[in-house]
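J.: Below is the structure I would like to discuss, written out as structure tokens.
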Amino acid sequence: MASNTILWADDEIDLLKPHILFLKQKGYDVVTVNNGHDALDLVETRPFDLIILDENMPGITGLETLQRIKETAPHIPVIMITKSEEENIMDQAVGNKIADYLIKPVNPNQILLSIKKNLHSPELVSQKTTSGYQQEFQRITAAINDSYTINDWMELYRKLVFWELELASADTNMDQLLDMQKTEANTTFCKFIKKNYERWMSDSDCDGRPLMSPEIFRKRVFPHLSAGEKVFFILIDNFRLDQWNVIKPMLSEHFTFDEELYCSILPTATQYARNAIFSGLMPLEISRMFPDLWVDEDSEEGKNLNESPLIATQFERHRRQCRFSYNKINDNSAGERLLSQFANLETNDLNVVVFNFVDMLSHARTESRMIRELAGNNAAYRSLTESWFRHSSALELFRRIAQKGYRVILTTDHGTIRVDNPVKVIGDKNTNTNLRYKVGKNLSYNPRQVYEIKQPARFGLPSPNVSSTYIFATGRDFFAYPNNYNHYVQYYDGTFQHGGISMEEMLIPLVTLSAK
């Protein structure tokens, strides 16, 4: 590894020879000057990896030198050393994006630590992260084989997401190994769902049943309303645990969090899972009790147009008086309009806000070549989510809610998974188009490759026809028709889909945010 070159400017540089010798022994090439003018001349004529500046130098001060360096070479980290503890000097240094700020007297190890932090942090983080994951690898493998309850699976999924984010932020070669573990975990998780899902659907009070979509309002929203609190229920469509983890730091200044995971019903699709949340009912119950609010699979009508009326039915059924609003945000202009009406929202007991950006990103990832390039993998997909949230009206909405001290319930209806393994299925013209689940009366498929439901009513699902069957893709599979198969597979390979069975789609964040 080539040695790093450091420029050190200090008017008492001769007194710092022991420090400079120490750094040279550590492998650094240290160039010294005793004033700011010489430092600026050198910065213009040769490259440096880091600059150390004394704040109090004759001629031009360290702060002035810093400012001019930032104009010509903003990429070079600068460590400022000063005798002064005056706050305004510190503020000016921080304002000029100083890399570190040390107060004299400093010892050589302080200097070394600051240099390591600014020059070698990625390398050191990578080494530590690699070592940490290697130590955790066997424990994760054991947990995959020893997860017998939904709580075990939630804990394992949290751990996998933690390491996915850790490895993504460090330059390691462990990503593929973790991806293999995620694939193995999803294979075993799908077996767990196949074994337990029917029991969960037939008995809502059975042992080990997780919190599920129809219970969210009753168990997480109603208690806060009963306590007289004003509540914002914010649903971000297609929102996974990893995506929550990347926007969480932006909200930590304003809120404290009570985080949990809950389990989406099947299919993990808006028509089913989100309508179950807002109605407090399984899809079969919605279709029977409120047929005018349920939209069949073969209908051309939008599948989520009746969410506000469904919320009203849930309050009526539980005999609760509640003044609520419902707003769906499909673009930033709609978000800005909502912010302009914030005073009106404050008159409600409950405000429900649905943000559709992540869902639109997922579909655009399929349909747009440019978005495919921008969201080529899970890390890029998270990055786009983070960028959207940072610059969206959503973040400002959270800030205003925090200022007023209101409660927020943040969740989603389902997650999404990047698919890469086509599975052949044949259906008639009335079969739905979703790539992760199919419902129809004449489906042809390999039953070993899917999770099949031949008696939908036992699972709380409506039957478009008397002999309707539901099938669900597992892991990273997606359904492809034999006709024009190669084109179909090429078009959808690597896209983000939902509707089936995976940890990413089913184990989803539910966060209660309390204003600080």
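Each chain of the structure tokens is named A, B, ... in the order shown, its residues numbered from 1; ligands are numbered from 1 in display order.
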Produce a table with one row for each residue of segment 173-273 of chain A that has an atom at most 12 Å from any atom of segment 441-455 of chain A, each row naming the nearest atom pair and its distance in Å at one decimal; use only C-alpha atoms; arrange rows by chain and rising residue number; format as CSV.

T.:
residue,atom,partner,partner_atom,distance
A:Thr187,CA,A:Gln449,CA,11.2
A:Cys190,CA,A:Tyr451,CA,8.5
A:Lys191,CA,A:Tyr451,CA,9.2
A:Phe192,CA,A:Tyr451,CA,11.4
A:Ile193,CA,A:Tyr451,CA,9.2
A:Lys194,CA,A:Tyr451,CA,6.8
A:Lys195,CA,A:Tyr451,CA,10.3
A:Tyr197,CA,A:Tyr451,CA,10.6
A:Glu198,CA,A:Ile453,CA,9.3
A:Leu266,CA,A:Ile453,CA,10.4
A:Pro267,CA,A:Ile453,CA,10.9

J.: Could you state the separation of atom CA of Ala343 of chain A and atom CA of Met250 of chain A in Å, given to one decimal place?

T.: 23.6 Å

J.: With a cut-off of 10 Å, could you pull out the residues of segment 225-273 of chain A touching segment 391-397 of chain A and give me the nearest pair of atoms for each, distance in Å to one decimal, using only C-alpha atoms, ordered by chain and ascending number, as JSON lines?

T.:
{"residue": "A:Ile234", "atom": "CA", "partner": "A:Ala394", "partner_atom": "CA", "distance": 9.5}
{"residue": "A:Ile236", "atom": "CA", "partner": "A:Ala394", "partner_atom": "CA", "distance": 9.8}
{"residue": "A:Ile247", "atom": "CA", "partner": "A:Leu395", "partner_atom": "CA", "distance": 9.3}
{"residue": "A:Met250", "atom": "CA", "partner": "A:Leu395", "partner_atom": "CA", "distance": 8.0}
{"residue": "A:Leu251", "atom": "CA", "partner": "A:Leu395", "partner_atom": "CA", "distance": 7.9}

J.: For the selection just defined, write its residues with N, CA, C and O atoms to a file, as a compact mmCIF listing (two decimals), in the first residue's frame.

T.:
# COMPACT_ATOMS: atom_id res chain seq x y z
N ILE A 234 -49.44 6.53 8.95
CA ILE A 234 -48.74 6.76 7.68
C ILE A 234 -48.31 5.41 7.12
O ILE A 234 -47.57 4.66 7.76
N ILE A 236 -46.46 3.59 3.94
CA ILE A 236 -45.61 3.69 2.74
C ILE A 236 -45.69 2.36 2.02
O ILE A 236 -45.29 1.33 2.57
N ILE A 247 -34.11 5.22 6.42
CA ILE A 247 -34.74 6.53 6.66
C ILE A 247 -34.84 6.85 8.14
O ILE A 247 -35.03 8.01 8.52
N MET A 250 -33.01 9.89 9.68
CA MET A 250 -33.56 11.21 9.36
C MET A 250 -34.69 11.61 10.30
O MET A 250 -35.01 12.78 10.44
N LEU A 251 -35.29 10.62 10.97
CA LEU A 251 -36.40 10.90 11.88
C LEU A 251 -35.98 10.90 13.34
O LEU A 251 -36.74 11.34 14.20

J.: I need the residues of segment 230-419 of chain A that end up classed as helix (DSSP H, G or I) by DSSP on the backbone, written out as a count of residues only.

T.: 95
